[in-house]
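J.: Right, I'll just put the structure down here and ask away after.
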Amino acid sequence: MSPRLRTDGAVGRRWDRWTLLGLPLLVFLALPVVGLLIRSSPTALVANLARPDVGKAIAVSLKTTLVSIMVIVAFGTPLAYMLGFRNFKGKRLVETLVDLPTVLPPSVAGVALLVAFGRRGLLGGALEDLGLEIAFSQAAVVMAQSFVAAPFYVRTAALGFGAVDKELIQAAMLDGAGSWKLFREVVLPLAFPSALSGAVMSWARALGEFGATIIFAGNFPGRTQTMPLAIYIGFEVDLNTALTLSVILILLSFASLWLIRASLGRDAPEAQASR
Amino acid sequence: MLAQHAFGAASRYSKPGSYHTSHIRLPLLGCILISLADSVISSLGVLTYLECTPLLPGLTRLGPAGKLGKVSRRWGVDRGWSPASEGTRVGRRPFPTALTVIWLALSACTGLGTNPVPVGRGALTVFAAASLAEPFTEIADAFESQHPDVDVALNFAGSQQLVQQIVQGASADVFASANRAQMDVVVQEGRIAAAEVQDFAHNRLVVIIPTDNPGHLEDLRDLARPDLKVVVAAPEVPAGAYALAFLDLAVASADLSPEYRVGVLSNVVSHEENVRAVLSKVALAEADAGIVYASDAAGEPRVRMIEIPQSMNPEIMYPIAVLLDAPEAGLALTFVEFVRSTSGAAILLRHGFTPAGE
């Protein structure tokens with residue numbers, strides 16, 4: 001039973017009870033993915049990729065998620081910066097608000113977006129006066145994705161910003177660095193791994209977005225039908241389309257998450273855990 | 001009284017043998033999140049918009065007719081067995097405690113699976129198309145009050161989803177489909193005898209518009225006017241296939257021009273994944289018009305109907321049948337007879353269906 005010290009600091013043997021207890025969840029998480037990969041043959045995958053509806057769904061997904069992640073980073077970075085550095089009254093409230101979309105069922109997010117931005121929503125009248133109709137457009141897809149995915153970026157980036165050594169910041173300020181210079185040359189480089197991993201998590205979440213999109217943006221092939229929507233519609237008639245898109249979605253998500261982990265080494269998880 | 005009813009409804013959907021019991025075996029976190037979301041929803045006051053929620057597939061499959069109202073009532077009950085506080089007790093003796101947590105989690109799940117049904121009681125599992133949710137809930141209640149020793153478990157979903165479930169081996173007694181094609185799939189799979197299938201109701205398509213009519217539609221012809229937003233069900237869904245059939249019939253008729261079909265289709269902004277979603281989008285006035293079943297429009301005060309003449313209305317029959325391997329075959333037959341009886345017909349009529357034989 002005596003634990004031996006390993007070089008990486010972890011205590012225990014390779015097959016200790018923690019491994020055994022952790023195994024069921026690991027198998028549970030892995031099995032459905034393995035099942036999907038087994039059920040789809042590479043030839044069918046290639047054949048299905050050539051189909052116009054599958055191609056359209058992939059194109060819509062890539063386009064909207066890229067716009068979404070740009071929007072999220074552009075507007076999320078200042079918010080994360082503020083949450084990372086400032087202490088103010090009601091900060092906890094703001095943080096909770098930012099976290100809220102991650103616990104809302106996506107369909108509720110979709111309904112909430114409709115209530116806010118739909119034709120009869122809070123801002124619907126004002127938007128209509130401006131000639132903007134959001135429902136059923138790609139803008140609606142981007143909004144749905146941004147709504148559910150932004151918290152992943154803001155939270156992770158804020159943690160990264162908050163973890164920057166305060167003495168470094170003070171030193172930089174003593175040397176006369178202005179607020180922008182401080183951000184660009186001190187904080188951002190140090191917090192970059194966190195921000196990047198947050199952005200990738202956020203993008204992966206946007207890629208998988210389903211419930212809010214189908215409610216707020218509807219489902220029209222080539223315009224608002226993203227991969228998850230095509231998978232769902234496809235499941236009802238054509239399991240092959242659904243399988244193909246599922247496998248692509250899994251490969252894309254897995255590759256991006258893996259890449260980010262590999263490129264960041266061990267930094268990101270520690271930054272995440274240091275809350 | 002109300003709570004009692006809610007519990008009754010809840011247990012009805014979590015019976016052994018009923019297909020979606022398996023869906024209930026969500027991780028505990030799910031229970032907590034959903035109950036949290038539950039309270040958020042109520043506090044946001046968006047309850048009036050909840051017809052939108054059948055769009056979420058998980059909820060649709062969990063719940064009857066995809067009504068979150070009922071789903072959340074179910075979760076309200078389920079919260080009772082959620083050992084949400086377990087996490088805080090992990091501490092001094094991690095190994096046994098962790099085991100306890102796992103055991104609790106497992107027993108919580110299986111506890112639901114082996115929901116105590118008193119010995120001798122019949123449990124009837126009915127798979128019915130989503131559009132039948134309202135009349136069949138009422139029919140099941142009426143049937144249960146006639147047969148106090150019987151519990152009817154209802155599973156509502158799109159017909160094509162139900163077919164998938166049956167084909168994948170789900171155990172059911174009765175299947176009521178929204179069209180013949182889906183029923184035929186089950187017949188071909190050998191789970192239902194062709195001779196057993198009988199039509200019990202028909203339905204018709206209508207065009208619906210929001211009551212304040214933002215698109216200024218007056219009659220059927222206007223549906224092809226440019227710059228309208230029209231939502232229909234996806235062609236993969238029966239309601240969507242019927243909408244296309246209507247356009248074919250409309251073009252073939254003398255009243256509407258051949259360009260009508262093209263005009264309407266170019267107005268379509270969304271292929272909704274079920275017919276109730278079409279209804280929601282129009283009821284919320286997000287779309288100017290939609291095409292749904294008369295039975296859907298009948299229960300929604302926020303929409304107005306524009307009738308489609310019978311000559312352009314595709315024939316929409318609802319077939320029902322007892323499955324060959326029904327665990328409660330005798331009871332199932334009684335239920336089918338009840339649906340086709342005058343009391344069943346009265347309920348169907350009240351919900352906008354035309355009972356077969358009228």
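Every chain in the structure tokens has a letter given in the order shown (A, B, ...), and although residue numbers restart at 1 in each chain, ligands are simply numbered from 1 in the order shown.
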Specify as an NGL selection string all residues of chain A found within 8 Å of chain B, counting only C-alpha atoms.

T.: :A and (17 or 103-108 or 111-112 or 115 or 118-120 or 135-136 or 211 or 214-215 or 218-220 or 233 or 236-237)

J.: Could you save the residues just selected, with C-alpha atoms, as a PDB file, in the first residue's frame?

T.:
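Written output follows (selection.pdb):
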ATOM      1  CA  ARG A  17      -8.016   2.188  -7.039  1.00  0.00           C
ATOM      2  CA  VAL A 103     -26.261  25.582 -17.668  1.00  0.00           C
ATOM      3  CA  LEU A 104     -29.299  26.627 -19.690  1.00  0.00           C
ATOM      4  CA  PRO A 105     -30.670  23.900 -21.934  1.00  0.00           C
ATOM      5  CA  PRO A 106     -29.861  25.190 -25.425  1.00  0.00           C
ATOM      6  CA  SER A 107     -33.519  25.175 -26.379  1.00  0.00           C
ATOM      7  CA  VAL A 108     -34.169  27.633 -23.587  1.00  0.00           C
ATOM      8  CA  VAL A 111     -36.382  30.730 -26.825  1.00  0.00           C
ATOM      9  CA  ALA A 112     -34.645  33.465 -24.852  1.00  0.00           C
ATOM     10  CA  VAL A 115     -37.872  36.690 -26.844  1.00  0.00           C
ATOM     11  CA  GLY A 118     -37.323  37.935 -32.551  1.00  0.00           C
ATOM     12  CA  ARG A 119     -39.839  39.968 -34.510  1.00  0.00           C
ATOM     13  CA  ARG A 120     -42.061  40.248 -31.455  1.00  0.00           C
ATOM     14  CA  ALA A 135     -34.726  35.293 -37.495  1.00  0.00           C
ATOM     15  CA  PHE A 136     -34.022  32.581 -40.098  1.00  0.00           C
ATOM     16  CA  GLY A 211     -30.989  23.541 -29.769  1.00  0.00           C
ATOM     17  CA  ILE A 214     -32.926  25.284 -34.625  1.00  0.00           C
ATOM     18  CA  ILE A 215     -35.262  27.431 -32.547  1.00  0.00           C
ATOM     19  CA  GLY A 218     -34.649  27.640 -38.158  1.00  0.00           C
ATOM     20  CA  ASN A 219     -33.429  24.989 -40.525  1.00  0.00           C
ATOM     21  CA  PHE A 220     -32.809  25.765 -44.174  1.00  0.00           C
ATOM     22  CA  ILE A 233     -32.912  15.798 -39.610  1.00  0.00           C
ATOM     23  CA  GLU A 236     -34.956  10.618 -39.072  1.00  0.00           C
ATOM     24  CA  VAL A 237     -34.670   9.431 -42.632  1.00  0.00           C
TER      25      VAL A 237
END

J.: From a backbone DSSP assignment, name each residue in region 288-329 of chain B labelled strand (DSSP E or B), as a ChimeraX atom specification.

T.: /B:289-293,303-307,316-322

J.: Name the residues in contact with Pro210 (chain B) at a cut-off of 7 Å, using only C-alpha atoms, excluding same-chain residues fewer than 2 positions from it; report them as a list in words.

T.: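 Within the cut-off, the hits are Ile208, Asp212, Asn213, Val282, Ala283, Ala285, Asp288, Arg302, Val303 and Arg304 of chain B.
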
J.: Let me see the file: selected residues, N, CA and C atoms, as an mmCIF file, in the first residue's frame.

T.:
data_model
loop_
_atom_site.group_PDB
_atom_site.id
_atom_site.type_symbol
_atom_site.label_atom_id
_atom_site.label_comp_id
_atom_site.auth_asym_id
_atom_site.auth_seq_id
_atom_site.Cartn_x
_atom_site.Cartn_y
_atom_site.Cartn_z
ATOM 1 N N ILE B 208 -51.641 28.485 -41.749
ATOM 2 C CA ILE B 208 -51.890 29.304 -40.557
ATOM 3 C C ILE B 208 -51.107 30.606 -40.654
ATOM 4 N N ASP B 212 -52.421 38.640 -35.826
ATOM 5 C CA ASP B 212 -52.333 40.020 -36.321
ATOM 6 C C ASP B 212 -51.832 40.102 -37.762
ATOM 7 N N ASN B 213 -51.597 38.967 -38.378
ATOM 8 C CA ASN B 213 -51.346 38.861 -39.810
ATOM 9 C C ASN B 213 -50.291 39.855 -40.330
ATOM 10 N N VAL B 282 -45.038 30.306 -36.119
ATOM 11 C CA VAL B 282 -46.107 31.183 -36.595
ATOM 12 C C VAL B 282 -46.819 31.833 -35.401
ATOM 13 N N ALA B 283 -47.024 31.054 -34.338
ATOM 14 C CA ALA B 283 -47.689 31.614 -33.160
ATOM 15 C C ALA B 283 -46.875 32.768 -32.575
ATOM 16 N N ALA B 285 -45.189 34.706 -34.349
ATOM 17 C CA ALA B 285 -45.137 35.697 -35.432
ATOM 18 C C ALA B 285 -43.730 35.879 -35.979
ATOM 19 N N ASP B 288 -44.533 34.592 -41.327
ATOM 20 C CA ASP B 288 -45.808 35.164 -41.744
ATOM 21 C C ASP B 288 -46.866 34.088 -41.932
ATOM 22 N N ARG B 302 -53.227 31.807 -30.935
ATOM 23 C CA ARG B 302 -52.440 32.889 -31.534
ATOM 24 C C ARG B 302 -52.325 32.789 -33.052
ATOM 25 N N VAL B 303 -52.982 31.780 -33.629
ATOM 26 C CA VAL B 303 -52.945 31.674 -35.092
ATOM 27 C C VAL B 303 -54.358 31.637 -35.669
ATOM 28 N N ARG B 304 -54.452 32.074 -36.914
ATOM 29 C CA ARG B 304 -55.708 31.992 -37.663
ATOM 30 C C ARG B 304 -55.507 31.019 -38.808
#

J.: Would you kindly return, as a PyMOL selection string, each protein, DNA or RNA residue with an atom no farther than 8 Å from any atom of region 49-57 of chain A, considering only C-alpha atoms and excluding same-chain residues fewer than 3 positions away?

T.: chain A and resi 45-46+60-61+221-222+225-227+230+241+244-245

J.: Pick out the closest residue to Gly290 (chain B) from this set: B:Ala245, B:Val275, B:Val262, B:Val186. Count only C-alpha atoms.

T.: B:Val275

J.: Please, which residues of region 43-188 of chain A, numbered as in this document, come out alpha helix (DSSP H) from DSSP, as number ranges by chain?

T.: A: 43-49, 52-85, 91-103, 106-117, 124-129, 138-162, 166-174, 179-182, 188

J.: Tell me which protein, DNA and RNA residues are within 9 Å of Ile72 (chain A), counting only C-alpha atoms, leaving out same-chain ones fewer than 5 positions away, and put them as a ChimeraX atom specification.

T.: /A:67,77,146-147,149-151,153-154,199,202

J.: Store the residues picked out above in a file with N, CA and C atoms, as a PDB file, in the first residue's frame.

T.:
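The resulting result01.pdb:
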ATOM      1  N   VAL A  67     -17.138  32.958 -37.807  1.00  0.00           N
ATOM      2  CA  VAL A  67     -17.619  34.304 -37.475  1.00  0.00           C
ATOM      3  C   VAL A  67     -17.921  34.388 -35.986  1.00  0.00           C
ATOM      4  N   THR A  77     -12.950  39.424 -24.984  1.00  0.00           N
ATOM      5  CA  THR A  77     -11.662  39.753 -24.384  1.00  0.00           C
ATOM      6  C   THR A  77     -11.763  40.933 -23.403  1.00  0.00           C
ATOM      7  N   SER A 146     -22.891  32.141 -30.526  1.00  0.00           N
ATOM      8  CA  SER A 146     -22.147  33.023 -29.635  1.00  0.00           C
ATOM      9  C   SER A 146     -22.735  32.987 -28.233  1.00  0.00           C
ATOM     10  N   PHE A 147     -24.062  32.956 -28.175  1.00  0.00           N
ATOM     11  CA  PHE A 147     -24.725  32.972 -26.867  1.00  0.00           C
ATOM     12  C   PHE A 147     -24.313  31.769 -26.026  1.00  0.00           C
ATOM     13  N   ALA A 149     -21.724  29.694 -26.599  1.00  0.00           N
ATOM     14  CA  ALA A 149     -20.298  29.360 -26.574  1.00  0.00           C
ATOM     15  C   ALA A 149     -19.431  30.419 -25.891  1.00  0.00           C
ATOM     16  N   ALA A 150     -19.902  31.665 -25.854  1.00  0.00           N
ATOM     17  CA  ALA A 150     -19.064  32.745 -25.326  1.00  0.00           C
ATOM     18  C   ALA A 150     -18.572  32.497 -23.888  1.00  0.00           C
ATOM     19  N   PRO A 151     -19.408  31.947 -23.007  1.00  0.00           N
ATOM     20  CA  PRO A 151     -18.942  31.759 -21.627  1.00  0.00           C
ATOM     21  C   PRO A 151     -17.658  30.946 -21.529  1.00  0.00           C
ATOM     22  N   TYR A 153     -15.140  30.916 -23.497  1.00  0.00           N
ATOM     23  CA  TYR A 153     -13.984  31.769 -23.753  1.00  0.00           C
ATOM     24  C   TYR A 153     -13.785  32.772 -22.618  1.00  0.00           C
ATOM     25  N   VAL A 154     -14.858  33.457 -22.247  1.00  0.00           N
ATOM     26  CA  VAL A 154     -14.730  34.528 -21.256  1.00  0.00           C
ATOM     27  C   VAL A 154     -14.190  33.976 -19.931  1.00  0.00           C
ATOM     28  N   ALA A 199     -10.682  29.899 -26.432  1.00  0.00           N
ATOM     29  CA  ALA A 199     -11.247  30.148 -27.750  1.00  0.00           C
ATOM     30  C   ALA A 199     -11.541  28.836 -28.467  1.00  0.00           C
ATOM     31  N   SER A 202     -14.511  27.149 -26.944  1.00  0.00           N
ATOM     32  CA  SER A 202     -15.664  27.925 -27.327  1.00  0.00           C
ATOM     33  C   SER A 202     -16.064  27.607 -28.774  1.00  0.00           C
TER      34      SER A 202
END

J.: Which polymer residues have any atom within 7 Å of an atom of region 343-356 of chain B, counting only C-alpha atoms, with same-chain residues fewer than 5 positions away left out, as a PyMOL selection string?

T.: chain B and resi 135+139+199-203+294-295+298+338

J.: Only N, CA and C atoms, please: the residues just picked out, written as a short mmCIF file (atom, residue, chain, number, x, y, z; two decimals), in the first residue's frame.

T.:
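Listing of selection_2.cif after writing:
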data_model
loop_
_atom_site.label_atom_id
_atom_site.label_comp_id
_atom_site.auth_asym_id
_atom_site.auth_seq_id
_atom_site.Cartn_x
_atom_site.Cartn_y
_atom_site.Cartn_z
N PRO B 135 -55.10 14.51 -28.03
CA PRO B 135 -56.22 13.56 -27.94
C PRO B 135 -55.85 12.26 -27.26
N ILE B 139 -57.53 10.35 -24.30
CA ILE B 139 -58.07 9.00 -24.51
C ILE B 139 -57.50 8.04 -23.47
N ASP B 199 -57.32 2.35 -40.17
CA ASP B 199 -57.32 3.80 -40.02
C ASP B 199 -58.34 4.19 -38.95
N PHE B 200 -57.96 5.14 -38.11
CA PHE B 200 -58.91 5.53 -37.05
C PHE B 200 -59.28 7.01 -37.13
N ALA B 201 -58.51 7.80 -37.88
CA ALA B 201 -58.83 9.23 -37.96
C ALA B 201 -58.23 9.81 -39.21
N HIS B 202 -58.79 10.89 -39.69
CA HIS B 202 -58.02 11.66 -40.66
C HIS B 202 -57.93 13.12 -40.27
N ASN B 203 -57.04 13.76 -40.96
CA ASN B 203 -56.65 15.11 -40.63
C ASN B 203 -56.58 15.87 -41.94
N ALA B 294 -54.75 20.70 -39.32
CA ALA B 294 -55.86 21.40 -38.68
C ALA B 294 -55.89 21.09 -37.19
N SER B 295 -55.52 19.86 -36.83
CA SER B 295 -55.56 19.48 -35.42
C SER B 295 -54.56 20.29 -34.59
N ALA B 298 -55.99 23.88 -34.23
CA ALA B 298 -57.23 23.96 -33.43
C ALA B 298 -56.95 24.42 -32.00
N PHE B 338 -61.22 0.99 -28.19
CA PHE B 338 -61.67 2.18 -27.48
C PHE B 338 -61.40 3.44 -28.30
#

J.: Tell me which of B:Val174, B:Ala243, B:Ala128, B:Val150 sits closest to Glu337 (chain B), counting only C-alpha atoms.

T.: B:Val174

J.: Distance CA of Glu307 (chain B)-CA of Pro238 (chain B), one decimal place?

T.: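 About the pair CA of Glu307 (chain B) and CA of Pro238 (chain B): they are 19.1 Å apart.
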
J.: Could you check which of B:Pro314, B:Pro226, B:Gly357, B:Pro148 is closest to Asn267 (chain B), using only C-alpha atoms?

T.: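 When distances to Asn267 (chain B) are compared using only C-alpha atoms, the smallest one comes from B:Pro226.
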
J.: Excluding same-chain residues fewer than 6 positions from Val148 (chain A), what lies within 8 Å of it counting only C-alpha atoms, as a list in words?

T.: Pro101, Thr102, Pro106, Ala109, Arg205, Ala206 and Glu209 of chain A

J.: Interatomic distance between CA of Ala217 (chain A) and CA of Ala140 (chain A)?

T.: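 Between CA of Ala217 (chain A) and CA of Ala140 (chain A) the gap works out to 5.0 Å.
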
J.: When you draw a straight line from CA of Gln198 (chain B) to CA of Asp151 (chain B), how long is it in Å?

T.: 23.5 Å

J.: For Phe183 (chain A), which of A:Ala262, A:Lys63, A:Gly84, A:Phe254 is the closest residue, counting only C-alpha atoms?

T.: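 Distance minimum relative to Phe183 (chain A) lands on A:Gly84.
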